[in-house]
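The structure appears below as C-alpha cells.
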Amino acid sequence: MSRTSAPSSRLVILVATRKGAWLFHGDAKRKTWTADGPHFLGHTISHVKLDPRDGRTLLAAAKTGHLGPTVFRSTNLGRRWKEAQQPPAFAQTSAHGLAGRSVDHTFWLEPGHAGERDTWYAGTSPQGLFRSEDGGVSWTGLPSVNDDPKFREWMGSAQDGTPDGPKLHSITVDPRDPAHLLFAMSGGGVHESHDAGRSWRTLIQGLEVVGGMDAATVTFHDPHCVRQSPSDPARLYQQNHCGIYRLDDFGADAAGTWQRIGRKMPKRVGDIGFPMVVHPREADTAWVFPMDGTDVWPRTSPGGAPAAYVTRNGGRTWQRQSQGLPESQAWWTVKRQAMTADAQPNPALYLGTTSGELWIGRDEGERWTNIARHLPEIYAVEVAALG
Amino acid sequence: MQVLIPSALQSYTKAARVEAAGASLDELFADLDRRYPGLRFRVVDEQNRLRANMRLFVNGVGVRDLAHALRPDDFVAVVLALSGG
C-alpha cells in the first residue's frame, strides 16, 4: 500500500563519471537543475554517496589513470574535499598462504546503519569488503571476506570479472539489524551475514548461471545489482547476468530462495541488464533497464531503443516506460549504479548513460526528460534530499 | 636529495621539485609520505609494488625495484607513464 511522504525542499543528484563528479542541485518540483562541477576533473570516480545520517557528508571513490585508488571526503556537500588518511587497501601478507592483492579502485560506498553513525562500508575491485568507523577517514578490510580461501576461490581471477575488473557491490545494511549485511560479487555470488561480517553464508539458491554450468558452484554466479525494498526489508530484488529475481524472506533463519521474475519481460527485450531500483514505499514496484545480452553480449539498449521496465506486482507483469527517451539509434547502456529513484511523494527515477547523459523519469518513470548531456561516461547516479 | 614530482602528485607537494631523504627508493617514499601524507599509496600499492602507470628514474635511469639503493646526491624523477584516454 502506498504511503505519502512530505516533499523535500531541495534535491541533489550525485553523478560519478569516468572523468570526474558532478552535483546537480534541484528544486522541490525537480524542474530546474544547477550543475556543480566538475569535482576531481580527470579522476575516475566510481561512486559518490551522501551520508543520510547527517545530510552533508559526501564520500567519493577515486583513482586516476596513473595514481592509485583513494577515497575523498567532504563534510560540506562538496565545497571542500579531504583525502582519507587510510584508503581501502588489502593486507600485505594474507593468512592461509593466499597471494597478496592490491586494490585497483573502490567501486561501491555504503553508509552504515542509521544507529551506527560514522560507520561506512566499501566494496572494491578486485573484490574486497572494507569498513570505516570514523566516517570514511580510515578503512579496515574484513578478513572474513578478503582473506578467506573459500571466498578467494569464488572471486576468481581478474579474467573472471567485468571488463573494468571484478567487483564487490550491492552492499546492503539491513535497517532492522545493523549486524545483518549483504553483498554481491561479479563474479562470486551473493552473501549474507548475521554477525556484522564475522561469518557469511551464500544466498544463491534459485539463481541461474550460464547454460551448461553448475549453479551449485558459487564462482559461476554473477549478480549485477541487488536492492532491498525500503518499505519491506524482507524483500530483495536482483538484476543478475541470468535474469531478474525476487527474494521474500531476507533475514530469515534459513537462507531464502530467489524466484526468477523476469520471464514475463518481452522476449525481444529479455531480462538482462545492470541496474535494479525499488520504489521507496511500494514493495511490489520495481524498475529495471534492460540491455542486449544476446550472442556476443553487446550490452547496449536492445534494438537501440532504450526503455525502463516497471513491475507493480512483484514481477508478475512488466510495462515499458520509454516516453521521452530516444526511439531509435541510441546504443547506450545504464550501468549498475547509474539508476535510482527519489523518495518524493510522486517519485522520479534518475539514470545516467554510458554516453554521458543524465535523465529524469517523472511520474515514476512515465515521462523521461534530459537533465544534462555531454558528460563523461556515467558510472553512478545517486539522489538525495537535503531537507 | 631532489625529487621531481609529476603534475598529478603536486596536489600533495604543491611543488614540482621537493627535498626528501632515504637510503633506498622504498625509504625515500616513506619519507615523502611523512612529508606529504597519502602520496606514497598513490604511487606504491599495498604489496609494495610500483603502480602500473608510474615510472621512476634515478639519475636518468629507469628503475622499478623499490629496494634500489640511493645516495644523498641522487636525483629521482617520478614520471607518469602513458595511460590511455
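Naming works like this for the C-alpha cells: A, B, ... for the chains as they're shown, residue 1 at the start of each chain, ligands 1 onward in shown order.
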
Do me a favour and pick out the residues of chain B within 6 Å of chain A, using only C-alpha atoms, as a list in words.
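My answer is Arg42, Val43, Glu46, Gln47, Asn53 and Ser83 of chain B.
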
For Leu32 in chain B, work out the shell of residues within 9 Å, counting only C-alpha atoms and skipping chain neighbours fewer than 3 positions away, then give it as a PDB file with N, CA and C atoms, in the first residue's frame.
```
ATOM      1  N   VAL B  18      60.915  18.648  -4.846  1.00  0.00           N
ATOM      2  CA  VAL B  18      60.934  18.670  -3.382  1.00  0.00           C
ATOM      3  C   VAL B  18      62.197  17.984  -2.887  1.00  0.00           C
ATOM      4  N   GLU B  19      62.502  18.195  -1.642  1.00  0.00           N
ATOM      5  CA  GLU B  19      63.631  17.533  -0.959  1.00  0.00           C
ATOM      6  C   GLU B  19      63.098  16.354  -0.158  1.00  0.00           C
ATOM      7  N   ALA B  20      63.770  15.233  -0.222  1.00  0.00           N
ATOM      8  CA  ALA B  20      63.414  14.093   0.624  1.00  0.00           C
ATOM      9  C   ALA B  20      64.663  13.239   0.800  1.00  0.00           C
ATOM     10  N   ALA B  21      64.607  12.314   1.748  1.00  0.00           N
ATOM     11  CA  ALA B  21      65.794  11.521   2.061  1.00  0.00           C
ATOM     12  C   ALA B  21      65.454  10.050   2.156  1.00  0.00           C
ATOM     13  N   GLU B  27      62.659   3.743   1.147  1.00  0.00           N
ATOM     14  CA  GLU B  27      62.809   4.705   2.244  1.00  0.00           C
ATOM     15  C   GLU B  27      62.478   6.125   1.781  1.00  0.00           C
ATOM     16  N   LEU B  28      62.830   6.405   0.542  1.00  0.00           N
ATOM     17  CA  LEU B  28      62.528   7.734   0.004  1.00  0.00           C
ATOM     18  C   LEU B  28      61.007   7.965  -0.010  1.00  0.00           C
ATOM     19  N   PHE B  29      60.247   6.948  -0.444  1.00  0.00           N
ATOM     20  CA  PHE B  29      58.789   7.127  -0.494  1.00  0.00           C
ATOM     21  C   PHE B  29      58.185   7.156   0.907  1.00  0.00           C
ATOM     22  N   ARG B  35      56.229  13.556   4.808  1.00  0.00           N
ATOM     23  CA  ARG B  35      56.145  14.989   4.495  1.00  0.00           C
ATOM     24  C   ARG B  35      54.819  15.335   3.815  1.00  0.00           C
ATOM     25  N   TYR B  36      54.308  14.417   3.002  1.00  0.00           N
ATOM     26  CA  TYR B  36      53.095  14.672   2.196  1.00  0.00           C
ATOM     27  C   TYR B  36      52.160  13.461   2.345  1.00  0.00           C
ATOM     28  N   PRO B  37      51.401  13.406   3.449  1.00  0.00           N
ATOM     29  CA  PRO B  37      50.617  12.198   3.760  1.00  0.00           C
ATOM     30  C   PRO B  37      49.682  11.792   2.620  1.00  0.00           C
ATOM     31  N   LEU B  39      50.697  10.471  -0.260  1.00  0.00           N
ATOM     32  CA  LEU B  39      51.367  10.436  -1.575  1.00  0.00           C
ATOM     33  C   LEU B  39      51.826   9.026  -1.946  1.00  0.00           C
ATOM     34  N   ARG B  40      52.413   8.329  -0.969  1.00  0.00           N
ATOM     35  CA  ARG B  40      53.026   7.036  -1.293  1.00  0.00           C
ATOM     36  C   ARG B  40      52.014   6.052  -1.885  1.00  0.00           C
TER      37      ARG B  40
END
```

Do you know which residues are at most 7 Å from range 76-81 of chain B counting only C-alpha atoms, after dropping those on the same chain fewer than 4 positions away, and could you put them as a tab-separated table (two decimals) with N, CA and C atoms, in the first residue's frame?
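Resulting contents of result14.tsv:
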```tsv
chain	number	residue	atom	x	y	z
A	66	HIS	N	46.89	7.19	-13.65
A	66	HIS	CA	48.22	6.92	-13.14
A	66	HIS	C	48.25	6.55	-11.67
B	2	GLN	N	67.03	15.69	-4.34
B	2	GLN	CA	65.96	16.33	-5.10
B	2	GLN	C	65.06	15.26	-5.73
B	3	VAL	N	63.76	15.50	-5.65
B	3	VAL	CA	62.79	14.59	-6.26
B	3	VAL	C	61.88	15.40	-7.17
B	4	LEU	N	61.80	14.95	-8.42
B	4	LEU	CA	60.91	15.61	-9.38
B	4	LEU	C	59.51	15.00	-9.24
B	5	ILE	N	58.53	15.84	-9.04
B	5	ILE	CA	57.15	15.39	-8.78
B	5	ILE	C	56.29	15.68	-10.00
B	6	PRO	N	55.55	14.70	-10.49
B	6	PRO	CA	54.71	14.95	-11.67
B	6	PRO	C	53.46	15.76	-11.29
B	53	ASN	N	51.24	2.45	-13.90
B	53	ASN	CA	51.44	3.58	-14.80
B	53	ASN	C	52.38	4.65	-14.24
B	54	MET	N	53.16	4.24	-13.26
B	54	MET	CA	54.17	5.15	-12.70
B	54	MET	C	55.55	4.66	-13.10
B	55	ARG	N	56.44	5.60	-13.37
B	55	ARG	CA	57.83	5.23	-13.66
B	55	ARG	C	58.76	6.04	-12.76
B	56	LEU	N	59.87	5.43	-12.41
B	56	LEU	CA	60.87	6.10	-11.59
B	56	LEU	C	62.19	6.11	-12.33
B	57	PHE	N	62.87	7.26	-12.30
B	57	PHE	CA	64.20	7.38	-12.89
B	57	PHE	C	65.16	7.89	-11.81
B	58	VAL	N	66.27	7.20	-11.67
B	58	VAL	CA	67.32	7.64	-10.75
B	58	VAL	C	68.50	8.10	-11.60
B	59	ASN	N	68.77	9.37	-11.53
B	59	ASN	CA	69.83	9.98	-12.36
B	59	ASN	C	69.61	9.63	-13.84
```

Could you write out, as an MDAnalysis selection string, all the residues of range 178-311 of chain A that DSSP marks as strand (DSSP E or B)?
chainID A and resid 181:186 189:193 201:202 223:228 236:240 243:247 259:260 273:278 286:290 308:311

Output the selection as an mmCIF file, in the first residue's frame - C-alpha atoms for each residue.
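See part_28.cif below for the written result:
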```cif
data_model
loop_
_atom_site.group_PDB
_atom_site.id
_atom_site.type_symbol
_atom_site.label_atom_id
_atom_site.label_comp_id
_atom_site.auth_asym_id
_atom_site.auth_seq_id
_atom_site.Cartn_x
_atom_site.Cartn_y
_atom_site.Cartn_z
ATOM 1 C CA LEU A 181 24.690 -7.441 5.997
ATOM 2 C CA LEU A 182 24.644 -8.490 2.368
ATOM 3 C CA PHE A 183 26.970 -8.009 -0.563
ATOM 4 C CA ALA A 184 27.297 -9.351 -4.083
ATOM 5 C CA MET A 185 30.280 -10.060 -6.282
ATOM 6 C CA SER A 186 30.699 -10.007 -10.059
ATOM 7 C CA GLY A 189 27.582 -14.735 -5.844
ATOM 8 C CA VAL A 190 25.503 -13.100 -3.118
ATOM 9 C CA HIS A 191 26.458 -13.402 0.548
ATOM 10 C CA GLU A 192 24.718 -12.633 3.819
ATOM 11 C CA SER A 193 25.990 -12.135 7.378
ATOM 12 C CA ARG A 201 26.518 -17.702 4.118
ATOM 13 C CA THR A 202 25.739 -17.776 0.426
ATOM 14 C CA PRO A 223 24.687 -10.836 -9.629
ATOM 15 C CA HIS A 224 24.687 -7.423 -11.315
ATOM 16 C CA CYS A 225 22.737 -5.454 -8.719
ATOM 17 C CA VAL A 226 20.837 -6.371 -5.545
ATOM 18 C CA ARG A 227 18.455 -3.913 -3.865
ATOM 19 C CA GLN A 228 16.453 -4.168 -0.659
ATOM 20 C CA LEU A 236 15.166 -8.175 -2.179
ATOM 21 C CA TYR A 237 15.215 -7.629 -5.908
ATOM 22 C CA GLN A 238 18.113 -8.595 -8.100
ATOM 23 C CA GLN A 239 19.211 -7.911 -11.663
ATOM 24 C CA ASN A 240 21.502 -10.796 -12.497
ATOM 25 C CA GLY A 243 17.666 -12.768 -15.297
ATOM 26 C CA ILE A 244 15.655 -10.714 -12.805
ATOM 27 C CA TYR A 245 14.886 -12.199 -9.362
ATOM 28 C CA ARG A 246 12.981 -11.555 -6.148
ATOM 29 C CA LEU A 247 13.521 -12.959 -2.650
ATOM 30 C CA GLN A 259 12.373 -16.560 -7.776
ATOM 31 C CA ARG A 260 13.057 -15.574 -11.360
ATOM 32 C CA GLY A 273 20.582 -5.610 -17.553
ATOM 33 C CA PHE A 274 22.659 -3.921 -14.886
ATOM 34 C CA PRO A 275 20.577 -1.697 -12.566
ATOM 35 C CA MET A 276 17.726 -2.571 -10.206
ATOM 36 C CA VAL A 277 15.584 0.067 -8.492
ATOM 37 C CA VAL A 278 12.850 -0.425 -5.876
ATOM 38 C CA ALA A 286 10.482 -2.047 -9.074
ATOM 39 C CA TRP A 287 12.311 -0.999 -12.212
ATOM 40 C CA VAL A 288 14.974 -2.436 -14.489
ATOM 41 C CA PHE A 289 16.721 -1.033 -17.551
ATOM 42 C CA PRO A 290 17.324 -3.915 -19.962
ATOM 43 C CA ALA A 308 12.870 1.271 -18.412
ATOM 44 C CA TYR A 309 10.506 -1.519 -17.436
ATOM 45 C CA VAL A 310 8.382 -1.334 -14.313
ATOM 46 C CA THR A 311 6.557 -4.016 -12.403
#
```

Please report the interatomic distance between CA of Asp148 in chain A and CA of His241 in chain A in Å with one decimal.
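Here the two named atoms are 24.9 Å from each other.
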
Shell around range 335-350 of chain A at 9 Å using only C-alpha atoms, local window under 2 positions removed, as JSON, numbers by chain
{"A": [3, 4, 5, 6, 7, 8, 11, 13, 15, 16, 28, 30, 46, 47, 108, 170, 224, 225, 239, 273, 274, 275, 276, 277, 278, 279, 280, 281, 288, 289, 333, 352, 353, 354, 358, 359, 360, 361, 362, 363, 364, 365, 366, 368, 378, 379, 380, 381, 382, 383, 384, 385]}

Let me see the file: selected residues, N, CA and C atoms, as a compact mmCIF listing (two decimals), in the first residue's frame.
```
# COMPACT_ATOMS: atom_id res chain seq x y z
N ARG A 3 2.14 4.85 0.78
CA ARG A 3 2.01 5.90 1.77
C ARG A 3 2.67 7.15 1.21
N THR A 4 2.20 8.28 1.60
CA THR A 4 2.79 9.51 1.09
C THR A 4 3.87 9.98 2.03
N SER A 5 4.75 10.85 1.52
CA SER A 5 5.77 11.46 2.36
C SER A 5 5.80 12.94 2.02
N ALA A 6 6.24 13.74 2.96
CA ALA A 6 6.31 15.18 2.72
C ALA A 6 7.42 15.46 1.72
N PRO A 7 7.19 16.39 0.78
CA PRO A 7 8.24 16.68 -0.20
C PRO A 7 9.42 17.38 0.45
N SER A 8 10.62 17.06 -0.02
CA SER A 8 11.81 17.76 0.44
C SER A 8 11.95 19.04 -0.35
N LEU A 11 16.73 18.81 -3.67
CA LEU A 11 17.30 17.51 -4.00
C LEU A 11 18.67 17.72 -4.63
N ILE A 13 21.45 15.48 -7.11
CA ILE A 13 21.82 14.27 -7.85
C ILE A 13 23.35 14.19 -7.85
N VAL A 15 26.53 12.55 -9.43
CA VAL A 15 26.87 11.86 -10.67
C VAL A 15 28.36 11.55 -10.67
N ALA A 16 28.69 10.28 -10.71
CA ALA A 16 30.10 9.83 -10.77
C ALA A 16 30.40 9.40 -12.19
N ALA A 28 12.37 21.61 -5.30
CA ALA A 28 11.45 20.57 -4.84
C ALA A 28 10.60 20.02 -5.98
N ARG A 30 11.61 19.63 -8.95
CA ARG A 30 12.52 18.90 -9.83
C ARG A 30 12.46 19.43 -11.26
N SER A 46 34.11 6.32 -9.22
CA SER A 46 33.20 5.17 -9.33
C SER A 46 31.89 5.40 -8.60
N HIS A 47 31.90 6.21 -7.54
CA HIS A 47 30.69 6.36 -6.74
C HIS A 47 30.82 7.60 -5.88
N TRP A 108 32.15 0.70 -4.65
CA TRP A 108 30.84 0.89 -4.03
C TRP A 108 31.04 1.48 -2.64
N SER A 170 26.74 -3.85 -4.25
CA SER A 170 25.41 -4.08 -3.65
C SER A 170 25.49 -4.32 -2.14
N HIS A 224 24.29 -8.76 -10.85
CA HIS A 224 24.69 -7.42 -11.31
C HIS A 224 24.31 -6.34 -10.31
N CYS A 225 23.15 -6.48 -9.68
CA CYS A 225 22.74 -5.45 -8.72
C CYS A 225 21.65 -6.03 -7.82
N GLN A 239 18.92 -7.78 -10.24
CA GLN A 239 19.21 -7.91 -11.66
C GLN A 239 20.49 -8.72 -11.76
N GLY A 273 20.28 -7.03 -17.73
CA GLY A 273 20.58 -5.61 -17.55
C GLY A 273 21.54 -5.43 -16.40
N PHE A 274 21.79 -4.20 -16.04
CA PHE A 274 22.66 -3.92 -14.89
C PHE A 274 21.88 -3.41 -13.67
N PRO A 275 21.12 -2.28 -13.80
CA PRO A 275 20.58 -1.70 -12.57
C PRO A 275 19.28 -2.35 -12.09
N MET A 276 18.96 -2.11 -10.84
CA MET A 276 17.73 -2.57 -10.21
C MET A 276 17.31 -1.46 -9.25
N VAL A 277 16.07 -1.03 -9.33
CA VAL A 277 15.58 0.07 -8.49
C VAL A 277 14.27 -0.37 -7.86
N VAL A 278 14.09 -0.07 -6.58
CA VAL A 278 12.85 -0.42 -5.88
C VAL A 278 12.16 0.85 -5.42
N HIS A 279 10.85 0.86 -5.51
CA HIS A 279 10.04 2.01 -5.10
C HIS A 279 10.28 2.30 -3.61
N PRO A 280 10.32 3.59 -3.24
CA PRO A 280 10.61 3.89 -1.83
C PRO A 280 9.51 3.46 -0.86
N ARG A 281 8.27 3.29 -1.36
CA ARG A 281 7.17 2.97 -0.42
C ARG A 281 6.29 1.81 -0.87
N VAL A 288 13.71 -1.98 -13.89
CA VAL A 288 14.97 -2.44 -14.49
C VAL A 288 15.21 -1.62 -15.75
N PHE A 289 16.41 -1.72 -16.29
CA PHE A 289 16.72 -1.03 -17.55
C PHE A 289 17.46 -2.05 -18.43
N THR A 333 24.20 2.30 -22.59
CA THR A 333 23.93 1.36 -21.52
C THR A 333 23.79 2.14 -20.21
N GLY A 352 21.87 7.62 -15.53
CA GLY A 352 22.99 8.15 -16.27
C GLY A 352 23.44 7.12 -17.28
N THR A 353 23.88 7.59 -18.44
CA THR A 353 24.20 6.67 -19.53
C THR A 353 25.71 6.58 -19.76
N THR A 354 26.08 5.52 -20.45
CA THR A 354 27.49 5.39 -20.81
C THR A 354 27.90 6.47 -21.81
N LEU A 358 22.32 12.52 -18.54
CA LEU A 358 21.61 12.36 -17.28
C LEU A 358 20.13 12.61 -17.53
N TRP A 359 19.29 11.67 -17.16
CA TRP A 359 17.85 11.74 -17.43
C TRP A 359 17.05 11.63 -16.13
N ILE A 360 15.87 12.29 -16.13
CA ILE A 360 14.92 12.12 -15.04
C ILE A 360 13.65 11.49 -15.61
N GLY A 361 13.12 10.51 -14.92
CA GLY A 361 11.86 9.86 -15.32
C GLY A 361 10.76 10.31 -14.37
N ARG A 362 10.03 11.33 -14.79
CA ARG A 362 9.00 11.89 -13.91
C ARG A 362 7.82 10.93 -13.80
N ASP A 363 7.00 11.15 -12.75
CA ASP A 363 5.81 10.29 -12.53
C ASP A 363 6.21 8.82 -12.54
N GLU A 364 7.19 8.51 -11.73
CA GLU A 364 7.63 7.12 -11.56
C GLU A 364 8.08 6.49 -12.89
N GLY A 365 8.74 7.29 -13.70
CA GLY A 365 9.33 6.78 -14.93
C GLY A 365 8.44 6.89 -16.16
N GLU A 366 7.27 7.51 -16.02
CA GLU A 366 6.35 7.59 -17.17
C GLU A 366 6.81 8.60 -18.21
N TRP A 368 10.17 10.76 -19.50
CA TRP A 368 11.61 10.99 -19.36
C TRP A 368 12.02 12.31 -20.00
N ILE A 378 29.00 7.85 -17.60
CA ILE A 378 28.47 7.90 -16.22
C ILE A 378 28.52 6.51 -15.60
N TYR A 379 29.14 6.45 -14.41
CA TYR A 379 29.26 5.19 -13.68
C TYR A 379 28.19 5.04 -12.61
N ALA A 380 27.83 6.16 -11.94
CA ALA A 380 26.90 6.05 -10.82
C ALA A 380 26.05 7.31 -10.70
N VAL A 381 24.80 7.12 -10.33
CA VAL A 381 23.86 8.22 -10.08
C VAL A 381 23.17 7.94 -8.75
N GLU A 382 23.24 8.89 -7.86
CA GLU A 382 22.51 8.81 -6.60
C GLU A 382 21.69 10.08 -6.45
N VAL A 383 20.59 10.02 -5.77
CA VAL A 383 19.82 11.23 -5.49
C VAL A 383 19.54 11.28 -4.01
N ALA A 384 19.58 12.48 -3.45
CA ALA A 384 19.37 12.62 -2.01
C ALA A 384 18.59 13.89 -1.72
N ALA A 385 17.78 13.84 -0.67
CA ALA A 385 17.04 15.02 -0.22
C ALA A 385 17.89 15.79 0.77
```

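Atom pair CA of Pro178 in chain A / CA of Thr106 in chain A: separated by 22.1 Å.
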